[in-house]
Amino acid sequence: MRKLGICTATLKKGDINDFFSIIKNIGFEACFTEAFESEIKAAIKAGIEIDNTHSPFDGINNMWVEGEPGETMLRRLKDSIDLCAAYDIKKTVIHLSSGYHPPRMNDLGFARYDALVEHAIKKGVTLAFENQRLLANIAYVFEQYKDVPEVAFCWDTGHEICAAGGREYMPLFGHRLACVHLEDNHGSEGPHPDQHILPFDGIVDWKKAAQRIKNSPYNGPVILECYNHPGSITNYFGYDHLSDEAFYERAYDAAARIRDLIEKA
Amino acid sequence: MRELGMCIGSFENEEKQREITSLIKQAGFNACFTGYERDDAAARMACEVAQKTGLRIDSIHAPFDGINHMWLPGEEGDEILSRLIKSIDVCADYGIDQAVVHLSSGWNSPQVNDLGTARYDQLVNHAIKKGVKVAFENLRKLANVAYAMERYSNNSEVGFCWDSGHELCYTKQVEFLPIFGDRLCCVHLHDNLGILSGDQHMLPFDGKRDWQRAATLLKSTGYQGPIMLENGHDPRFYSDLSYEQFLERAYNSAVKIRQLMGE
Ligand SMILES: [Zn+2]
């Protein structure tokens with residue numbers, strides 16, 4: 001049976017060890033972490049499987065821009081790969097751009113991503129490129145690295161419905177699926193559409209999503225990328241009124257429902 | 001009522017051009033697209049003949065031989081760009097709304113890069129100046145079409161040309177209409193057996209495409225243009241039909257697609 005997991009970014013503040021002990025008590029067995037050694041160590045200590053890390057993405061647009069910030073970004077991404085390798089974590093999730101109008105794809109950025117992919121191959125770490133607002137850059141990745149098994153897809157269910165103009169990514173890249181960010185929202189309206197709320201609290205068609213996952217080669221854990229950040233958009237569902245335990249229980253139930261849907265699909 | 005159209009090849013001999021064009025008209029088609037596969041004079045002659053015959057020219061198919069050079073350094077790239085620009089000028093001179101443009105050829109075509117982007121920018125800028133729309137057509141790749149749609153997302157002069165046959169034989173897992181339907185301004189409808197790279201250009205309903213789905217998707221985009229076929233009298237499939245019979249079969253297939261669209 002697939003493990004159920006949740007990401008460390010769910011926790012905005014508070015102690016990472018407490019986070020792991022709470023989710024473990026509730027029944028979660030897997031997670032993905034940020035690219036921080038402290039989180040990785042805490043997960044290992046708690047006996048929670050680390051399916052992948054989320055590589056840094058603040059400043060990701062610099063990958064396409066000449067100058068030091070782009071070089072720094074590339075270095076941070078390589079460091080993130082090294083961190084995975086050091087702890088035998090097989091996969092890390094990578095972004096390609098940020099916002100609706102990032103710098104256009106260009107030779108410089110291609111060369112940097114080439115260097116990143118080369119580094120990942122050398123270290124035996126898979127890069128899972130995540131769907132966001134655009135199509136061309138991620139489509140490019142799967143054409144350019146068509147024959148590179150270390151290049152894979154991370155499907156974010158929430159980004160797809162709030163930021164991609166109705167595009168569905170799984171028919172395009174599902175055959176390369178290696179990571180999932182399961183999360184929900186209410187579509188593209190409003191100032192903060194990318195809500196990262198719990199599955200079944202928004203409008204994602206989870207039955208269809210489960211079918212898509214079932215049809216893909218992915219057999220990893222059911223991992224949520226949902227936030228419990230008091231005072232943020234996740235207020236929307238009154239999560240603020242839930243204790244941490246109650247929130248994570250609700251999260252667990254949602255993940256278990258998705259697992260059932262995948263199994264029955 | 002929605003127009004029905006058929007592509008017209010470019011012939012060396014004006015008489016032959018006239019004959020073929022008339023037969024297409026007589027078969028019942030009222031729109032067409034012409035090509036730019038020879039030279040400028042041939043393209044202009046084909047346009048003149050089509051217009052004199054009373055066919056509305058929906059688009060010109062811009063040249064695409066050597067199109068990969070658009071992304072490569074060297075004179076050949078400049079040469080193909082200048083031919084593309086000339087085909088835009090033909091559109092402008094004959095009051096034709098749009099030119100269909102390719103982005104690459106073959107499976108191992110060059111990827112998007114700075115040089116090619118600069119050349120396509122030049123092409124698009126020229127088209128804008130001339131009031132002609134550039135319709136980028138789907139072939140084997142998704143990234144370059146997506147790139148064009150994103151790069152020129154604010155240019156109403158840039159649209160999408162959906163080729164139903166290419167989709168079936170080159171990119172089976174990709175349905176382009178749900179992705180780029182909001183930019184659709186042109187169609188190339190034809191069929192094939194769905195074998196990888198088997199771009200057979202059979203008449204609709206003679207191959208494996210689900211035309212009900214195609215019609216539904218087309219309708220859902222709000223596309224107003226003609227049901228435009230891109231077929232030739234291919235002896236591999238139609239040797240038992242005279243050219244007139246072939247055109248009749250073609251016309252009937254176009255009517256059927258229009259019916260499937262509920263029109
Ligand atoms: Zn995500």
# chains A, B, ... in the order shown; residues from 1 in each chain; ligands from 1

$ closest_atom_pairs --of "chain B" --to "chain A" --cutoff "8 Å" --atoms "only C-alpha atoms" --output "JSON lines"
{"residue": "B:Gln111", "atom": "CA", "partner": "A:Gln144", "partner_atom": "CA", "distance": 7.6}
{"residue": "B:Val112", "atom": "CA", "partner": "A:Asn106", "partner_atom": "CA", "distance": 7.8}
{"residue": "B:Asn113", "atom": "CA", "partner": "A:Asp107", "partner_atom": "CA", "distance": 5.7}
{"residue": "B:Asp114", "atom": "CA", "partner": "A:Asn106", "partner_atom": "CA", "distance": 5.7}
{"residue": "B:Lys141", "atom": "CA", "partner": "A:Glu143", "partner_atom": "CA", "distance": 7.8}
{"residue": "B:Leu142", "atom": "CA", "partner": "A:Ala139", "partner_atom": "CA", "distance": 6.3}
{"residue": "B:Ala143", "atom": "CA", "partner": "A:Ala139", "partner_atom": "CA", "distance": 4.8}
{"residue": "B:Asn144", "atom": "CA", "partner": "A:Ala136", "partner_atom": "CA", "distance": 6.9}
{"residue": "B:Val145", "atom": "CA", "partner": "A:Ala136", "partner_atom": "CA", "distance": 7.7}
{"residue": "B:Ala146", "atom": "CA", "partner": "A:Ala136", "partner_atom": "CA", "distance": 4.7}
{"residue": "B:Tyr147", "atom": "CA", "partner": "A:Ala136", "partner_atom": "CA", "distance": 4.8}
{"residue": "B:Glu150", "atom": "CA", "partner": "A:Ala136", "partner_atom": "CA", "distance": 7.3}
{"residue": "B:Arg151", "atom": "CA", "partner": "A:Arg104", "partner_atom": "CA", "distance": 7.3}
{"residue": "B:Gln173", "atom": "CA", "partner": "A:Pro171", "partner_atom": "CA", "distance": 6.1}
{"residue": "B:Val174", "atom": "CA", "partner": "A:Leu172", "partner_atom": "CA", "distance": 5.9}
{"residue": "B:Pro178", "atom": "CA", "partner": "A:Arg167", "partner_atom": "CA", "distance": 6.9}
{"residue": "B:Ile179", "atom": "CA", "partner": "A:Arg167", "partner_atom": "CA", "distance": 5.7}

$ residues_near_ligand --ligand "ligand 1" --cutoff "12 Å" --atoms "only C-alpha atoms and all ligand atoms" --output "ChimeraX atom specification"
/A:6-7,9-10,32-34,53-57,92-95,128-133,153-160,163,179-184,194-197,223-227

$ write_last_selection --atoms "N, CA and C atoms" --output "short mmCIF file (atom, residue, chain, number, x, y, z; two decimals), in the first residue's frame"
data_model
loop_
_atom_site.label_atom_id
_atom_site.label_comp_id
_atom_site.auth_asym_id
_atom_site.auth_seq_id
_atom_site.Cartn_x
_atom_site.Cartn_y
_atom_site.Cartn_z
N ILE A 6 3.27 14.17 3.84
CA ILE A 6 2.97 15.60 3.85
C ILE A 6 4.29 16.35 3.87
N CYS A 7 4.29 17.58 3.34
CA CYS A 7 5.57 18.30 3.24
C CYS A 7 5.86 19.10 4.51
N ALA A 9 6.85 22.05 4.62
CA ALA A 9 6.44 23.45 4.46
C ALA A 9 5.03 23.68 5.01
N THR A 10 4.35 22.61 5.34
CA THR A 10 3.04 22.72 5.97
C THR A 10 3.14 23.54 7.25
N PHE A 32 8.05 15.25 2.03
CA PHE A 32 9.19 15.85 1.34
C PHE A 32 9.59 17.08 2.14
N THR A 33 10.87 17.36 2.10
CA THR A 33 11.40 18.45 2.93
C THR A 33 11.89 19.58 2.05
N GLU A 34 12.14 20.72 2.65
CA GLU A 34 12.90 21.75 1.96
C GLU A 34 14.34 21.25 1.91
N THR A 53 13.25 16.14 -1.93
CA THR A 53 13.34 17.47 -1.33
C THR A 53 12.79 18.47 -2.35
N HIS A 54 12.40 19.63 -1.83
CA HIS A 54 12.01 20.71 -2.73
C HIS A 54 13.19 21.65 -2.82
N SER A 55 13.82 21.69 -3.98
CA SER A 55 14.97 22.57 -4.15
C SER A 55 14.54 24.03 -4.05
N PRO A 56 15.48 24.92 -3.73
CA PRO A 56 15.12 26.34 -3.60
C PRO A 56 14.56 26.90 -4.91
N PHE A 57 13.62 27.82 -4.79
CA PHE A 57 13.06 28.43 -6.01
C PHE A 57 12.93 29.94 -5.90
N THR A 92 14.74 15.41 -6.34
CA THR A 92 14.47 16.76 -5.85
C THR A 92 13.63 17.50 -6.88
N VAL A 93 12.74 18.35 -6.38
CA VAL A 93 11.81 19.06 -7.25
C VAL A 93 12.39 20.42 -7.62
N ILE A 94 12.30 20.73 -8.90
CA ILE A 94 12.94 21.93 -9.46
C ILE A 94 11.90 22.78 -10.18
N HIS A 95 12.00 24.08 -9.99
CA HIS A 95 11.16 25.01 -10.77
C HIS A 95 11.95 25.54 -11.97
N ALA A 128 12.92 16.46 -10.64
CA ALA A 128 11.51 16.44 -11.04
C ALA A 128 11.06 17.88 -11.27
N PHE A 129 10.82 18.21 -12.52
CA PHE A 129 10.43 19.57 -12.88
C PHE A 129 8.93 19.74 -12.67
N GLU A 130 8.58 20.82 -11.99
CA GLU A 130 7.20 21.00 -11.54
C GLU A 130 6.42 21.93 -12.46
N ASN A 131 5.17 21.58 -12.70
CA ASN A 131 4.30 22.45 -13.50
C ASN A 131 3.92 23.69 -12.71
N GLN A 132 4.02 24.82 -13.39
CA GLN A 132 3.58 26.08 -12.78
C GLN A 132 2.67 26.81 -13.74
N ARG A 133 3.00 28.05 -14.08
CA ARG A 133 2.08 28.83 -14.90
C ARG A 133 2.26 28.61 -16.40
N PHE A 153 9.00 14.41 -13.98
CA PHE A 153 7.93 15.39 -13.82
C PHE A 153 7.41 15.36 -12.38
N CYS A 154 7.18 16.54 -11.85
CA CYS A 154 6.47 16.66 -10.57
C CYS A 154 5.13 17.32 -10.87
N TRP A 155 4.06 16.61 -10.59
CA TRP A 155 2.72 17.14 -10.88
C TRP A 155 2.17 17.83 -9.64
N ASP A 156 1.89 19.12 -9.81
CA ASP A 156 1.24 19.89 -8.75
C ASP A 156 -0.21 20.09 -9.17
N THR A 157 -1.11 19.43 -8.43
CA THR A 157 -2.53 19.45 -8.81
C THR A 157 -3.15 20.83 -8.65
N GLY A 158 -2.65 21.59 -7.70
CA GLY A 158 -3.24 22.91 -7.44
C GLY A 158 -2.80 23.93 -8.48
N HIS A 159 -1.51 23.95 -8.80
CA HIS A 159 -1.04 24.89 -9.82
C HIS A 159 -1.83 24.70 -11.12
N GLU A 160 -2.08 23.45 -11.42
CA GLU A 160 -2.74 23.17 -12.69
C GLU A 160 -4.10 23.86 -12.80
N ALA A 163 -3.61 28.17 -12.28
CA ALA A 163 -2.63 29.04 -12.95
C ALA A 163 -2.29 28.64 -14.37
N CYS A 179 7.15 12.64 -8.91
CA CYS A 179 6.79 13.27 -7.64
C CYS A 179 5.39 13.87 -7.76
N VAL A 180 4.71 13.96 -6.63
CA VAL A 180 3.41 14.64 -6.64
C VAL A 180 3.35 15.70 -5.55
N HIS A 181 2.72 16.79 -5.91
CA HIS A 181 2.35 17.83 -4.94
C HIS A 181 0.82 17.88 -4.96
N LEU A 182 0.21 17.17 -4.05
CA LEU A 182 -1.24 17.11 -4.05
C LEU A 182 -1.76 18.21 -3.15
N GLU A 183 -2.54 19.07 -3.74
CA GLU A 183 -3.06 20.23 -3.00
C GLU A 183 -4.25 20.76 -3.78
N ASP A 184 -5.01 21.63 -3.14
CA ASP A 184 -6.28 22.06 -3.71
C ASP A 184 -6.41 23.58 -3.66
N ASP A 194 -3.47 30.48 -5.54
CA ASP A 194 -2.64 29.29 -5.28
C ASP A 194 -2.70 28.97 -3.78
N GLN A 195 -3.85 28.43 -3.36
CA GLN A 195 -4.16 28.37 -1.93
C GLN A 195 -3.44 27.26 -1.16
N HIS A 196 -3.11 26.20 -1.82
CA HIS A 196 -2.46 25.05 -1.13
C HIS A 196 -3.29 24.57 0.06
N ILE A 197 -4.58 24.47 -0.15
CA ILE A 197 -5.42 23.92 0.91
C ILE A 197 -5.53 22.41 0.75
N ILE A 223 1.55 12.33 -1.43
CA ILE A 223 2.13 13.41 -0.61
C ILE A 223 1.41 14.73 -0.82
N LEU A 224 1.00 15.32 0.27
CA LEU A 224 0.30 16.61 0.22
C LEU A 224 1.30 17.76 0.29
N GLU A 225 0.97 18.81 -0.47
CA GLU A 225 1.74 20.05 -0.33
C GLU A 225 0.76 21.14 0.11
N CYS A 226 0.32 20.99 1.33
CA CYS A 226 -0.70 21.89 1.86
C CYS A 226 -0.12 22.65 3.03
N TYR A 227 -0.63 23.84 3.21
CA TYR A 227 -0.06 24.68 4.26
C TYR A 227 -1.02 24.86 5.41
#

$ residues_around --residues "Phe33 of chain B" --least-positions-apart "6" --cutoff "8 Å" --atoms "only C-alpha atoms" --output "number ranges by chain"
B: 5-8, 57-61

$ write_last_selection --atoms "N, CA and C atoms" --output "PDB file, in the first residue's frame"
ATOM      1  N   GLY B   5     -13.145  24.551 -47.318  1.00  0.00           N
ATOM      2  CA  GLY B   5     -11.959  24.916 -48.099  1.00  0.00           C
ATOM      3  C   GLY B   5     -11.064  23.744 -48.410  1.00  0.00           C
ATOM      4  N   MET B   6     -10.224  23.956 -49.394  1.00  0.00           N
ATOM      5  CA  MET B   6      -9.277  22.927 -49.824  1.00  0.00           C
ATOM      6  C   MET B   6      -7.970  23.610 -50.211  1.00  0.00           C
ATOM      7  N   CYS B   7      -6.875  22.942 -49.905  1.00  0.00           N
ATOM      8  CA  CYS B   7      -5.582  23.533 -50.276  1.00  0.00           C
ATOM      9  C   CYS B   7      -5.358  23.382 -51.777  1.00  0.00           C
ATOM     10  N   ILE B   8      -4.613  24.310 -52.328  1.00  0.00           N
ATOM     11  CA  ILE B   8      -4.293  24.259 -53.747  1.00  0.00           C
ATOM     12  C   ILE B   8      -2.779  24.269 -53.898  1.00  0.00           C
ATOM     13  N   ILE B  57      -9.157  33.168 -50.340  1.00  0.00           N
ATOM     14  CA  ILE B  57      -7.902  32.578 -49.854  1.00  0.00           C
ATOM     15  C   ILE B  57      -7.805  32.851 -48.352  1.00  0.00           C
ATOM     16  N   ASP B  58      -7.939  31.792 -47.599  1.00  0.00           N
ATOM     17  CA  ASP B  58      -7.948  31.942 -46.138  1.00  0.00           C
ATOM     18  C   ASP B  58      -6.541  32.179 -45.601  1.00  0.00           C
ATOM     19  N   SER B  59      -5.567  31.549 -46.214  1.00  0.00           N
ATOM     20  CA  SER B  59      -4.182  31.718 -45.750  1.00  0.00           C
ATOM     21  C   SER B  59      -3.220  31.336 -46.856  1.00  0.00           C
ATOM     22  N   ILE B  60      -1.987  31.725 -46.649  1.00  0.00           N
ATOM     23  CA  ILE B  60      -0.906  31.204 -47.486  1.00  0.00           C
ATOM     24  C   ILE B  60      -0.057  30.322 -46.597  1.00  0.00           C
ATOM     25  N   HIS B  61       0.333  29.185 -47.136  1.00  0.00           N
ATOM     26  CA  HIS B  61       1.256  28.356 -46.374  1.00  0.00           C
ATOM     27  C   HIS B  61       2.657  28.863 -46.673  1.00  0.00           C
TER      28      HIS B  61
END

$ atom_distance --atom1 "atom CA of Tyr94 of chain B" --atom2 "atom CA of Val49 of chain B"
11.4 Å

$ atom_distance --atom1 "atom CA of Cys185 of chain B" --atom2 "atom CA of Gln51 of chain B"
20.6 Å

$ residues_around --residues "segment 126-129 of chain B" --least-positions-apart "2" --cutoff "9 Å" --atoms "only C-alpha atoms" --output "number ranges by chain"
B: 85, 88-89, 92, 98-99, 121-124, 131-134, 155, 157-158

$ write_last_selection --atoms "N, CA, C and O atoms" --output "PDB file, in the first residue's frame"
ATOM      1  N   ILE B  85       9.361  36.250 -45.004  1.00  0.00           N
ATOM      2  CA  ILE B  85       8.929  37.650 -45.052  1.00  0.00           C
ATOM      3  C   ILE B  85       8.232  37.949 -46.381  1.00  0.00           C
ATOM      4  O   ILE B  85       7.198  38.611 -46.430  1.00  0.00           O
ATOM      5  N   ILE B  88       4.745  36.770 -46.376  1.00  0.00           N
ATOM      6  CA  ILE B  88       3.884  37.722 -45.653  1.00  0.00           C
ATOM      7  C   ILE B  88       3.469  38.849 -46.597  1.00  0.00           C
ATOM      8  O   ILE B  88       2.313  39.285 -46.627  1.00  0.00           O
ATOM      9  N   ASP B  89       4.427  39.305 -47.395  1.00  0.00           N
ATOM     10  CA  ASP B  89       4.127  40.377 -48.344  1.00  0.00           C
ATOM     11  C   ASP B  89       3.078  39.937 -49.360  1.00  0.00           C
ATOM     12  O   ASP B  89       2.213  40.728 -49.747  1.00  0.00           O
ATOM     13  N   ALA B  92      -0.195  40.262 -47.740  1.00  0.00           N
ATOM     14  CA  ALA B  92      -0.614  41.668 -47.665  1.00  0.00           C
ATOM     15  C   ALA B  92      -1.099  42.155 -49.030  1.00  0.00           C
ATOM     16  O   ALA B  92      -2.143  42.804 -49.133  1.00  0.00           O
ATOM     17  N   GLN B  98      -3.802  35.736 -43.300  1.00  0.00           N
ATOM     18  CA  GLN B  98      -2.804  35.048 -42.478  1.00  0.00           C
ATOM     19  C   GLN B  98      -1.873  34.144 -43.269  1.00  0.00           C
ATOM     20  O   GLN B  98      -2.226  33.639 -44.328  1.00  0.00           O
ATOM     21  N   ALA B  99      -0.706  33.946 -42.679  1.00  0.00           N
ATOM     22  CA  ALA B  99       0.269  33.002 -43.221  1.00  0.00           C
ATOM     23  C   ALA B  99       0.516  31.924 -42.177  1.00  0.00           C
ATOM     24  O   ALA B  99       0.639  32.218 -40.989  1.00  0.00           O
ATOM     25  N   ASP B 121      11.143  36.873 -34.180  1.00  0.00           N
ATOM     26  CA  ASP B 121      10.692  38.217 -33.773  1.00  0.00           C
ATOM     27  C   ASP B 121      10.611  39.138 -34.993  1.00  0.00           C
ATOM     28  O   ASP B 121       9.653  39.895 -35.156  1.00  0.00           O
ATOM     29  N   GLN B 122      11.650  39.035 -35.832  1.00  0.00           N
ATOM     30  CA  GLN B 122      11.681  39.872 -37.029  1.00  0.00           C
ATOM     31  C   GLN B 122      10.489  39.560 -37.930  1.00  0.00           C
ATOM     32  O   GLN B 122       9.849  40.461 -38.464  1.00  0.00           O
ATOM     33  N   LEU B 123      10.218  38.273 -38.070  1.00  0.00           N
ATOM     34  CA  LEU B 123       9.096  37.848 -38.907  1.00  0.00           C
ATOM     35  C   LEU B 123       7.770  38.383 -38.347  1.00  0.00           C
ATOM     36  O   LEU B 123       6.944  38.948 -39.078  1.00  0.00           O
ATOM     37  N   VAL B 124       7.599  38.215 -37.051  1.00  0.00           N
ATOM     38  CA  VAL B 124       6.347  38.654 -36.437  1.00  0.00           C
ATOM     39  C   VAL B 124       6.220  40.174 -36.533  1.00  0.00           C
ATOM     40  O   VAL B 124       5.143  40.696 -36.845  1.00  0.00           O
ATOM     41  N   GLY B 131       0.035  44.003 -41.245  1.00  0.00           N
ATOM     42  CA  GLY B 131      -1.353  43.650 -40.900  1.00  0.00           C
ATOM     43  C   GLY B 131      -1.710  42.218 -41.259  1.00  0.00           C
ATOM     44  O   GLY B 131      -2.868  41.903 -41.564  1.00  0.00           O
ATOM     45  N   VAL B 132      -0.731  41.359 -41.253  1.00  0.00           N
ATOM     46  CA  VAL B 132      -0.967  39.945 -41.574  1.00  0.00           C
ATOM     47  C   VAL B 132      -0.741  39.119 -40.309  1.00  0.00           C
ATOM     48  O   VAL B 132       0.146  39.415 -39.513  1.00  0.00           O
ATOM     49  N   LYS B 133      -1.570  38.118 -40.135  1.00  0.00           N
ATOM     50  CA  LYS B 133      -1.434  37.271 -38.961  1.00  0.00           C
ATOM     51  C   LYS B 133      -0.495  36.102 -39.249  1.00  0.00           C
ATOM     52  O   LYS B 133      -0.522  35.552 -40.348  1.00  0.00           O
ATOM     53  N   VAL B 134       0.303  35.753 -38.261  1.00  0.00           N
ATOM     54  CA  VAL B 134       1.159  34.574 -38.379  1.00  0.00           C
ATOM     55  C   VAL B 134       0.520  33.451 -37.569  1.00  0.00           C
ATOM     56  O   VAL B 134       0.286  33.598 -36.374  1.00  0.00           O
ATOM     57  N   ASN B 155       0.291  39.536 -28.719  1.00  0.00           N
ATOM     58  CA  ASN B 155       0.137  39.948 -30.117  1.00  0.00           C
ATOM     59  C   ASN B 155      -1.050  39.240 -30.747  1.00  0.00           C
ATOM     60  O   ASN B 155      -0.980  38.041 -30.995  1.00  0.00           O
ATOM     61  N   GLU B 157      -1.764  39.420 -33.608  1.00  0.00           N
ATOM     62  CA  GLU B 157      -1.327  39.023 -34.959  1.00  0.00           C
ATOM     63  C   GLU B 157      -0.683  37.640 -34.951  1.00  0.00           C
ATOM     64  O   GLU B 157      -0.263  37.150 -36.002  1.00  0.00           O
ATOM     65  N   VAL B 158      -0.560  37.027 -33.804  1.00  0.00           N
ATOM     66  CA  VAL B 158       0.007  35.678 -33.766  1.00  0.00           C
ATOM     67  C   VAL B 158      -1.049  34.702 -33.275  1.00  0.00           C
ATOM     68  O   VAL B 158      -1.678  34.913 -32.234  1.00  0.00           O
TER      69      VAL B 158
END

$ residues_around --residues "Cys161 of chain B" --least-positions-apart "5" --cutoff "7 Å" --atoms "only C-alpha atoms" --output "PDB file with N, CA and C atoms, in the first residue's frame"
ATOM      1  N   VAL B 100       0.561  30.678 -42.646  1.00  0.00           N
ATOM      2  CA  VAL B 100       0.844  29.569 -41.731  1.00  0.00           C
ATOM      3  C   VAL B 100       2.348  29.304 -41.748  1.00  0.00           C
ATOM      4  N   ALA B 135       0.215  32.340 -38.241  1.00  0.00           N
ATOM      5  CA  ALA B 135      -0.387  31.194 -37.542  1.00  0.00           C
ATOM      6  C   ALA B 135       0.670  30.096 -37.453  1.00  0.00           C
ATOM      7  N   PHE B 136       1.119  29.806 -36.241  1.00  0.00           N
ATOM      8  CA  PHE B 136       2.124  28.758 -36.057  1.00  0.00           C
ATOM      9  C   PHE B 136       1.437  27.400 -35.973  1.00  0.00           C
ATOM     10  N   GLU B 137       1.983  26.467 -36.720  1.00  0.00           N
ATOM     11  CA  GLU B 137       1.337  25.159 -36.883  1.00  0.00           C
ATOM     12  C   GLU B 137       2.016  24.079 -36.031  1.00  0.00           C
ATOM     13  N   ASN B 138       1.198  23.183 -35.486  1.00  0.00           N
ATOM     14  CA  ASN B 138       1.752  22.057 -34.719  1.00  0.00           C
ATOM     15  C   ASN B 138       2.374  21.014 -35.645  1.00  0.00           C
ATOM     16  N   LEU B 184      -6.658  29.863 -31.801  1.00  0.00           N
ATOM     17  CA  LEU B 184      -6.868  29.197 -33.085  1.00  0.00           C
ATOM     18  C   LEU B 184      -7.386  30.170 -34.144  1.00  0.00           C
ATOM     19  N   CYS B 185      -6.723  30.198 -35.299  1.00  0.00           N
ATOM     20  CA  CYS B 185      -7.190  31.075 -36.374  1.00  0.00           C
ATOM     21  C   CYS B 185      -7.169  30.359 -37.715  1.00  0.00           C
ATOM     22  N   CYS B 186      -6.780  29.107 -37.717  1.00  0.00           N
ATOM     23  CA  CYS B 186      -6.543  28.420 -38.982  1.00  0.00           C
ATOM     24  C   CYS B 186      -6.542  26.916 -38.705  1.00  0.00           C
ATOM     25  N   VAL B 187      -7.023  26.129 -39.660  1.00  0.00           N
ATOM     26  CA  VAL B 187      -6.939  24.673 -39.477  1.00  0.00           C
ATOM     27  C   VAL B 187      -6.448  23.993 -40.752  1.00  0.00           C
TER      28      VAL B 187
END

$ residues_around --residues "segment 260-262 of chain A" --least-positions-apart "3" --cutoff "7 Å" --atoms "only C-alpha atoms" --output "PyMOL selection string"
chain A and resi 207+210-211+213-214+256-257+265

$ write_last_selection --atoms "N, CA, C and O atoms" --output "short mmCIF file (atom, residue, chain, number, x, y, z; two decimals), in the first residue's frame"
data_model
loop_
_atom_site.label_atom_id
_atom_site.label_comp_id
_atom_site.auth_asym_id
_atom_site.auth_seq_id
_atom_site.Cartn_x
_atom_site.Cartn_y
_atom_site.Cartn_z
N LYS A 207 -11.08 12.41 -8.27
CA LYS A 207 -11.26 11.11 -8.88
C LYS A 207 -10.45 11.03 -10.19
O LYS A 207 -9.76 10.05 -10.45
N ALA A 210 -6.77 10.95 -9.38
CA ALA A 210 -6.36 9.61 -8.94
C ALA A 210 -6.19 8.69 -10.15
O ALA A 210 -5.24 7.91 -10.24
N GLN A 211 -7.13 8.82 -11.08
CA GLN A 211 -7.04 8.02 -12.30
C GLN A 211 -5.76 8.31 -13.06
O GLN A 211 -5.07 7.42 -13.54
N ILE A 213 -2.97 9.46 -11.87
CA ILE A 213 -1.81 8.92 -11.15
C ILE A 213 -1.72 7.41 -11.36
O ILE A 213 -0.65 6.86 -11.62
N LYS A 214 -2.87 6.79 -11.29
CA LYS A 214 -2.90 5.33 -11.49
C LYS A 214 -2.35 4.95 -12.87
O LYS A 214 -1.65 3.95 -13.00
N ALA A 256 -5.59 9.77 2.70
CA ALA A 256 -6.09 8.39 2.67
C ALA A 256 -7.21 8.24 1.64
O ALA A 256 -7.29 7.23 0.93
N ARG A 257 -8.04 9.27 1.53
CA ARG A 257 -9.11 9.22 0.51
C ARG A 257 -8.52 9.16 -0.89
O ARG A 257 -9.02 8.44 -1.76
N ALA A 265 -9.18 3.17 -8.77
CA ALA A 265 -9.25 3.72 -10.15
C ALA A 265 -8.95 2.62 -11.17
O ALA A 265 -8.22 1.67 -10.89
#

$ select_by_dssp --residues "segment 60-234 of chain A" --states "strand (DSSP E or B)" --output "list in words"
Lys91, Thr92, Val93, Ile94, Thr126, Leu127, Ala128, Phe129, Glu130, Val151, Ala152, Phe153, Cys154, Trp155, Asp156, Leu177, Ala178, Cys179, Val180, His181, Leu182, Asp184, Ile197, Val222, Ile223, Leu224 and Asn228 of chain A

$ closest_residue --among "B:Met149, B:Met261, B:Leu81, B:Leu103" --to "Trp211 of chain B" --atoms "only C-alpha atoms"
B:Met261

$ residues_around --residues "Glu230 of chain B" --least-positions-apart "3" --cutoff "6 Å" --atoms "only C-alpha atoms" --output "ChimeraX atom specification"
/B:7,188-190

$ write_last_selection --atoms "C-alpha atoms" --output "tab-separated table (two decimals), in the first residue's frame"
chain	number	residue	atom	x	y	z
B	7	CYS	CA	-5.58	23.53	-50.28
B	188	HIS	CA	-5.38	22.00	-41.66
B	189	LEU	CA	-7.73	19.05	-41.54
B	190	HIS	CA	-6.67	15.67	-42.76

$ closest_residue --among "B:Phe246, B:Ile257, B:Tyr238, B:Leu177" --to "Gln212 of chain B" --atoms "only C-alpha atoms"
B:Ile257

$ select_by_dssp --residues "segment 114-208 of chain A" --states "alpha helix (DSSP H)" --output "PyMOL selection string"
chain A and resi 114-123+136-144+157-163+170-173+206-208

$ decode --residues "segment 204-224 of chain A" --atoms "C-alpha atoms" --output "PDB file, in the first residue's frame"
ATOM      1  CA  VAL A 204      -9.734  19.697  -7.935  1.00  0.00           C
ATOM      2  CA  ASP A 205     -11.449  16.668  -9.422  1.00  0.00           C
ATOM      3  CA  TRP A 206      -9.737  14.090  -7.221  1.00  0.00           C
ATOM      4  CA  LYS A 207     -11.264  11.107  -8.885  1.00  0.00           C
ATOM      5  CA  LYS A 208      -9.802  12.188 -12.180  1.00  0.00           C
ATOM      6  CA  ALA A 209      -6.491  13.057 -10.537  1.00  0.00           C
ATOM      7  CA  ALA A 210      -6.357   9.614  -8.943  1.00  0.00           C
ATOM      8  CA  GLN A 211      -7.040   8.015 -12.304  1.00  0.00           C
ATOM      9  CA  ARG A 212      -4.222  10.010 -13.863  1.00  0.00           C
ATOM     10  CA  ILE A 213      -1.807   8.919 -11.147  1.00  0.00           C
ATOM     11  CA  LYS A 214      -2.901   5.329 -11.493  1.00  0.00           C
ATOM     12  CA  ASN A 215      -2.249   5.482 -15.236  1.00  0.00           C
ATOM     13  CA  SER A 216       1.256   6.848 -14.691  1.00  0.00           C
ATOM     14  CA  PRO A 217       4.419   4.987 -13.727  1.00  0.00           C
ATOM     15  CA  TYR A 218       4.367   6.692 -10.318  1.00  0.00           C
ATOM     16  CA  ASN A 219       4.032   4.290  -7.428  1.00  0.00           C
ATOM     17  CA  GLY A 220       5.413   6.507  -4.668  1.00  0.00           C
ATOM     18  CA  PRO A 221       3.627   7.953  -1.676  1.00  0.00           C
ATOM     19  CA  VAL A 222       0.533  10.134  -1.705  1.00  0.00           C
ATOM     20  CA  ILE A 223       2.127  13.410  -0.608  1.00  0.00           C
ATOM     21  CA  LEU A 224       0.302  16.608   0.215  1.00  0.00           C
TER      22      LEU A 224
END
